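A.B. asks: Sharing target.txt (compact mmCIF, C-alpha atoms) below.
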# COMPACT_ATOMS: atom_id res chain seq x y z
CA MET A 1 95.97 115.31 98.08
CA ILE A 2 97.52 115.39 94.63
CA LEU A 3 94.88 112.80 93.60
CA LEU A 4 92.05 115.08 94.71
CA ILE A 5 93.60 117.96 92.76
CA ILE A 6 94.01 115.85 89.60
CA GLY A 7 90.38 114.71 89.98
CA LEU A 8 89.22 118.27 90.56
CA ALA A 9 91.04 119.55 87.46
CA ALA A 10 89.74 116.70 85.29
CA GLY A 11 86.24 117.27 86.65
CA ILE A 12 86.33 120.96 85.75
CA ILE A 13 87.49 120.13 82.23
CA SER A 14 84.89 117.41 81.70
CA GLY A 15 82.19 119.63 83.22
CA MET A 16 83.03 122.14 80.52
CA GLY A 17 82.56 119.43 77.90
CA ILE A 18 86.15 119.39 76.71
CA GLY A 19 86.81 115.73 77.57
CA GLY A 20 87.86 114.51 80.99
CA GLY A 21 89.61 111.19 80.48
CA THR A 22 92.03 112.42 77.88
CA VAL A 23 93.36 114.81 80.55
CA LEU A 24 92.83 112.65 83.64
CA ILE A 25 94.72 109.58 82.42
CA PRO A 26 97.91 111.37 81.27
CA ALA A 27 97.87 113.56 84.41
CA LEU A 28 97.71 110.44 86.61
CA VAL A 29 100.36 108.63 84.58
CA ILE A 30 102.77 111.58 84.55
CA PHE A 31 102.36 112.75 88.17
CA PHE A 32 101.36 109.61 90.04
CA LYS A 33 102.81 106.84 87.84
CA PRO A 34 100.24 104.06 88.33
CA GLU A 35 100.25 101.06 86.04
CA GLN A 36 98.63 102.04 82.70
CA HIS A 37 95.62 99.69 83.04
CA ILE A 38 94.93 101.04 86.54
CA ALA A 39 95.05 104.66 85.29
CA GLN A 40 92.56 103.75 82.57
CA SER A 41 90.20 101.99 84.96
CA VAL A 42 90.26 105.08 87.22
CA ASN A 43 88.79 107.04 84.33
CA LEU A 44 86.18 104.39 83.60
CA ILE A 45 85.02 104.48 87.23
CA PHE A 46 85.25 108.28 87.31
CA PHE A 47 82.89 108.46 84.34
CA ILE A 48 80.05 106.41 85.90
CA PRO A 49 78.67 108.75 88.63
CA THR A 50 79.34 111.85 86.49
CA ALA A 51 77.45 110.31 83.57
CA VAL A 52 74.48 109.27 85.74
CA VAL A 53 74.08 112.82 87.07
CA ALA A 54 74.41 114.35 83.60
CA LEU A 55 71.95 111.86 82.10
CA ILE A 56 69.24 112.65 84.64
CA ILE A 57 69.39 116.27 83.46
CA HIS A 58 69.64 115.38 79.76
CA ILE A 59 66.72 112.93 79.85
CA ARG A 60 64.59 115.50 81.63
CA ASN A 61 65.49 118.07 78.95
CA LYS A 62 64.76 115.49 76.19
CA ARG A 63 68.22 115.89 74.73
CA ILE A 64 68.86 112.21 73.99
CA ASP A 65 68.31 110.80 70.51
CA PHE A 66 67.23 107.25 71.37
CA LYS A 67 66.88 106.17 67.73
CA THR A 68 70.59 106.81 67.24
CA ALA A 69 71.63 105.57 70.67
CA ILE A 70 70.09 102.08 70.62
CA PRO A 71 71.95 100.65 67.57
CA ALA A 72 75.14 102.42 68.70
CA ILE A 73 74.88 100.83 72.16
CA ILE A 74 74.37 97.35 70.70
CA SER A 75 77.45 97.54 68.47
CA GLY A 76 79.28 99.52 71.15
CA LEU A 77 78.93 96.66 73.65
CA ALA A 78 80.75 94.40 71.20
CA GLY A 79 83.38 97.13 70.72
CA ALA A 80 83.80 97.56 74.47
CA TYR A 81 84.27 93.81 74.90
CA LEU A 82 86.88 93.60 72.13
CA GLY A 83 88.69 96.79 73.20
CA SER A 84 88.89 95.70 76.84
CA ARG A 85 90.13 92.23 75.90
CA LEU A 86 92.81 93.78 73.73
CA ALA A 87 93.87 96.17 76.52
CA ILE A 88 94.03 93.34 79.08
CA SER A 89 96.13 91.23 76.71
CA LEU A 90 98.79 93.96 76.41
CA GLN A 91 101.60 94.69 78.87
CA GLY A 92 101.31 98.03 80.73
CA PRO A 93 104.24 99.78 78.99
CA VAL A 94 102.99 98.67 75.55
CA LEU A 95 99.46 99.88 76.29
CA LYS A 96 100.94 103.19 77.50
CA LYS A 97 102.62 103.74 74.10
CA TRP A 98 99.41 102.98 72.22
CA PHE A 99 97.52 105.28 74.53
CA ALA A 100 100.01 108.07 73.79
CA VAL A 101 99.53 107.57 70.03
CA PHE A 102 95.74 107.70 70.48
CA LEU A 103 96.05 110.84 72.61
CA PHE A 104 98.29 112.48 70.02
CA ILE A 105 95.76 111.83 67.24
CA LEU A 106 92.85 113.14 69.35
CA GLY A 107 94.90 116.21 70.31
CA CYS A 108 95.68 117.01 66.67
CA TYR A 109 92.04 116.51 65.75
CA GLU A 110 90.86 118.85 68.51
CA LEU A 111 93.43 121.45 67.54
CA LEU A 112 92.45 121.44 63.86
CA ARG A 113 88.72 121.01 64.34
CA LYS A 114 86.60 123.69 62.70
CA ASP A 115 85.21 126.38 64.97
CA SER A 116 81.80 126.15 63.32
CA ASN A 117 81.32 122.81 65.06
CA ILE A 118 81.79 124.34 68.47
CA LYS A 119 78.87 125.90 70.23
CA ARG A 120 79.33 126.92 73.81
CA GLY A 121 82.04 124.41 74.47
CA PHE A 122 80.31 121.23 73.39
CA MET B 123 66.69 114.34 63.53
CA GLU B 124 66.01 114.97 59.85
CA ASN B 125 68.81 114.43 57.40
CA LYS B 126 69.41 113.15 53.90
CA LEU B 127 70.82 109.75 54.81
CA SER B 128 68.79 106.71 53.83
CA PRO B 129 67.55 104.62 56.80
CA ALA B 130 70.04 101.84 55.99
CA LYS B 131 73.01 104.24 55.86
CA ARG B 132 71.81 105.90 59.03
CA ILE B 133 71.71 102.63 60.95
CA ALA B 134 75.10 101.63 59.49
CA SER B 135 76.58 104.95 60.69
CA CYS B 136 75.13 104.46 64.18
CA ILE B 137 76.55 100.94 64.33
CA ALA B 138 80.00 102.05 63.13
CA ALA B 139 80.11 104.98 65.55
CA GLY B 140 79.07 102.74 68.47
CA LEU B 141 81.62 100.07 67.60
CA ALA B 142 84.49 102.56 67.29
CA SER B 143 83.70 104.43 70.48
CA GLY B 144 83.17 101.20 72.43
CA ALA B 145 86.49 99.82 71.19
CA ALA B 146 88.36 103.03 72.11
CA ASN B 147 86.67 103.18 75.50
CA GLY B 148 87.61 99.59 76.28
CA MET B 149 91.13 99.77 74.88
CA PHE B 150 92.10 103.18 76.30
CA GLY B 151 89.57 103.69 79.11
CA SER B 152 88.65 107.01 77.52
CA GLY B 153 88.00 108.78 74.24
CA GLY B 154 84.64 107.21 73.47
CA GLY B 155 82.95 110.60 73.56
CA MET B 156 85.62 112.20 71.41
CA ILE B 157 84.74 109.66 68.70
CA ALA B 158 80.96 109.45 69.19
CA VAL B 159 80.26 113.20 69.30
CA PRO B 160 81.97 114.17 66.01
CA ALA B 161 80.60 111.01 64.36
CA MET B 162 77.03 112.01 65.20
CA VAL B 163 77.59 115.66 64.28
CA LEU B 164 79.39 115.01 60.98
CA LEU B 165 77.69 111.80 59.76
CA LEU B 166 74.21 112.19 61.20
CA LYS B 167 74.12 116.01 61.18
CA MET B 168 72.99 115.99 64.77
CA ASP B 169 72.97 119.18 66.81
CA GLU B 170 76.10 119.46 68.96
CA HIS B 171 74.28 119.64 72.31
CA LYS B 172 72.10 116.67 71.50
CA ALA B 173 75.14 114.71 70.28
CA HIS B 174 76.92 115.37 73.56
CA ALA B 175 73.96 114.16 75.65
CA THR B 176 73.38 111.13 73.40
CA ALA B 177 77.09 110.21 73.58
CA ILE B 178 76.91 110.00 77.38
CA PHE B 179 73.84 107.77 77.12
CA ILE B 180 75.68 105.48 74.65
CA ILE B 181 78.96 105.36 76.55
CA LEU B 182 77.59 104.65 80.04
CA PRO B 183 76.64 100.99 79.34
CA LEU B 184 79.89 100.50 77.38
CA THR B 185 81.87 101.83 80.32
CA LEU B 186 80.10 99.40 82.67
CA VAL B 187 81.20 96.48 80.46
CA SER B 188 84.80 97.74 80.25
CA THR B 189 84.94 98.43 84.00
CA TRP B 190 83.72 94.93 84.72
CA TYR B 191 86.47 93.55 82.46
CA TYR B 192 89.22 95.59 84.12
CA MET B 193 87.84 94.62 87.56
CA SER B 194 87.80 90.91 86.85
CA ASN B 195 91.46 91.18 85.82
CA ASN B 196 92.40 93.05 89.00
CA TYR B 197 93.18 96.27 87.17
CA VAL B 198 91.17 98.48 89.53
CA ASP B 199 92.65 100.41 92.45
CA TRP B 200 89.54 101.45 94.40
CA SER B 201 91.26 103.78 96.85
CA LEU B 202 92.91 105.66 93.97
CA ALA B 203 89.71 105.70 91.90
CA LEU B 204 87.52 106.95 94.75
CA LYS B 205 89.87 109.82 95.66
CA VAL B 206 90.07 110.99 92.05
CA THR B 207 86.30 110.60 91.57
CA LEU B 208 85.57 112.64 94.68
CA GLY B 209 87.68 115.50 93.33
CA GLY B 210 86.04 114.98 89.94
CA MET B 211 82.50 115.38 91.26
CA ILE B 212 83.35 118.74 92.79
CA GLY B 213 85.28 119.76 89.68
CA GLY B 214 82.42 118.75 87.40
CA TYR B 215 80.10 121.10 89.23
CA ILE B 216 82.60 123.97 89.01
CA GLY B 217 83.23 123.24 85.32
CA ALA B 218 79.54 123.29 84.45
CA LYS B 219 79.20 126.66 86.20
CA LEU B 220 82.34 128.06 84.55
CA LEU B 221 81.06 127.02 81.14
CA GLU B 222 78.52 129.83 81.37
CA ARG B 223 81.21 132.48 81.48
CA CYS B 224 84.36 131.12 79.86
CA PRO B 225 85.60 131.20 76.26
CA ALA B 226 85.42 127.45 75.68
CA LYS B 227 86.82 127.75 72.15
CA LEU B 228 90.11 129.06 73.45
CA LEU B 229 90.22 126.52 76.29
CA ARG B 230 89.61 123.75 73.79
CA ARG B 231 92.69 124.78 71.81
CA ILE B 232 94.78 124.99 74.97
CA PHE B 233 93.73 121.52 76.10
CA ALA B 234 94.38 120.13 72.63
CA ALA B 235 97.95 121.43 72.95
CA VAL B 236 98.20 119.92 76.45
CA MET B 237 97.02 116.56 75.09
CA ILE B 238 99.70 116.60 72.39
CA LEU B 239 102.43 117.53 74.90
CA ALA B 240 101.26 114.81 77.31
CA ALA B 241 101.27 112.28 74.46
CA VAL B 242 104.84 113.18 73.53
CA ARG B 243 105.86 113.01 77.19
CA MET B 244 104.33 109.52 77.52
CA ILE B 245 106.10 108.19 74.43
CA LEU B 246 109.53 109.53 75.40
Would you mind writing the file out in structure tokens?
C.D. replies:
Amino acid sequence: MILLIIGLAAGIISGMGIGGGTVLIPALVIFFKPEQHIAQSVNLIFFIPTAVVALIIHIRNKRIDFKTAIPAIISGLAGAYLGSRLAISLQGPVLKKWFAVFLFILGCYELLRKDSNIKRGF
Amino acid sequence: MENKLSPAKRIASCIAAGLASGAANGMFGSGGGMIAVPAMVLLLKMDEHKAHATAIFIILPLTLVSTWYYMSNNYVDWSLALKVTLGGMIGGYIGAKLLERCPAKLLRRIFAAVMILAAVRMIL
């Protein structure tokens, strides 16, 4: 039940465009205490169906800039490979610390980010 | 999108943004969008809505690669993931509806504070 509630809360936040994983992963880790890699993979899996649904709407509304996306995907695949390998090579508690540092930086960035960049929550 | 960047600089920015968000997504299982969206808005001067949609399009294939990597190393708990995802699908629908009537600016600040607190909690 607590898992459904954590998922529900993260879904509401990501539906509002505020960023789901950065809330989902710490919520899981703090309240449910899974191994860090497992918590991270939950968010990866969580993202897939949500993204597919969102993309159907965005493609229909012609909101995707393919000229930007294609080169970013090509380099991103290399990044995803390297990042995942690095994560797998680390022990859970070590990865958890790095994750916390990353979360702290993103949190500070979000807090200090200029309002002019924010339109209707995106 | 029109902007003043030369084609070479534009492509280089796209490549850098993709690499960074892919690496974060693989390493931390999240955060790709929080890198890709500001990168496209600030470097490429893309409209915020378009950047958000484009980020999802970029991150989906990267997430598939990372998921496959975590899976092949037995770092996936399907029962856990499916329960959370089920809640997430319902929540996503509610969130999208709420977006029409909520002050997202304020919520953004609150969640930023929550992220910082959670980070401190995880380090201690």
A.B. asks: I need the chain A residues near chain B as a ChimeraX atom specification; criterion: at most 6 Å, counting all atoms listed in the file.
C.D. replies: /A:3-4,7-8,11-12,15-16,21,37-38,40-42,44,46,63-65,68-69,71-73,75-77,79-80,83-84,87,97,100,103-104,107,110-111,121
A.B. asks: Between A:Ala10, A:Met1, A:Leu28, A:Gln36, which has the minimum distance to A:Ile88 (counting all atoms listed in the file)?
C.D. replies: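 Using all atoms listed in the file, the shortest distance to A:Ile88 belongs to A:Gln36.
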A.B. asks: Restricting the calculation to all atoms listed in the file, which member of A:Phe31, A:Gly17, A:Ala78, A:Thr22 is positioned closest to A:Asn43?
C.D. replies: A:Thr22
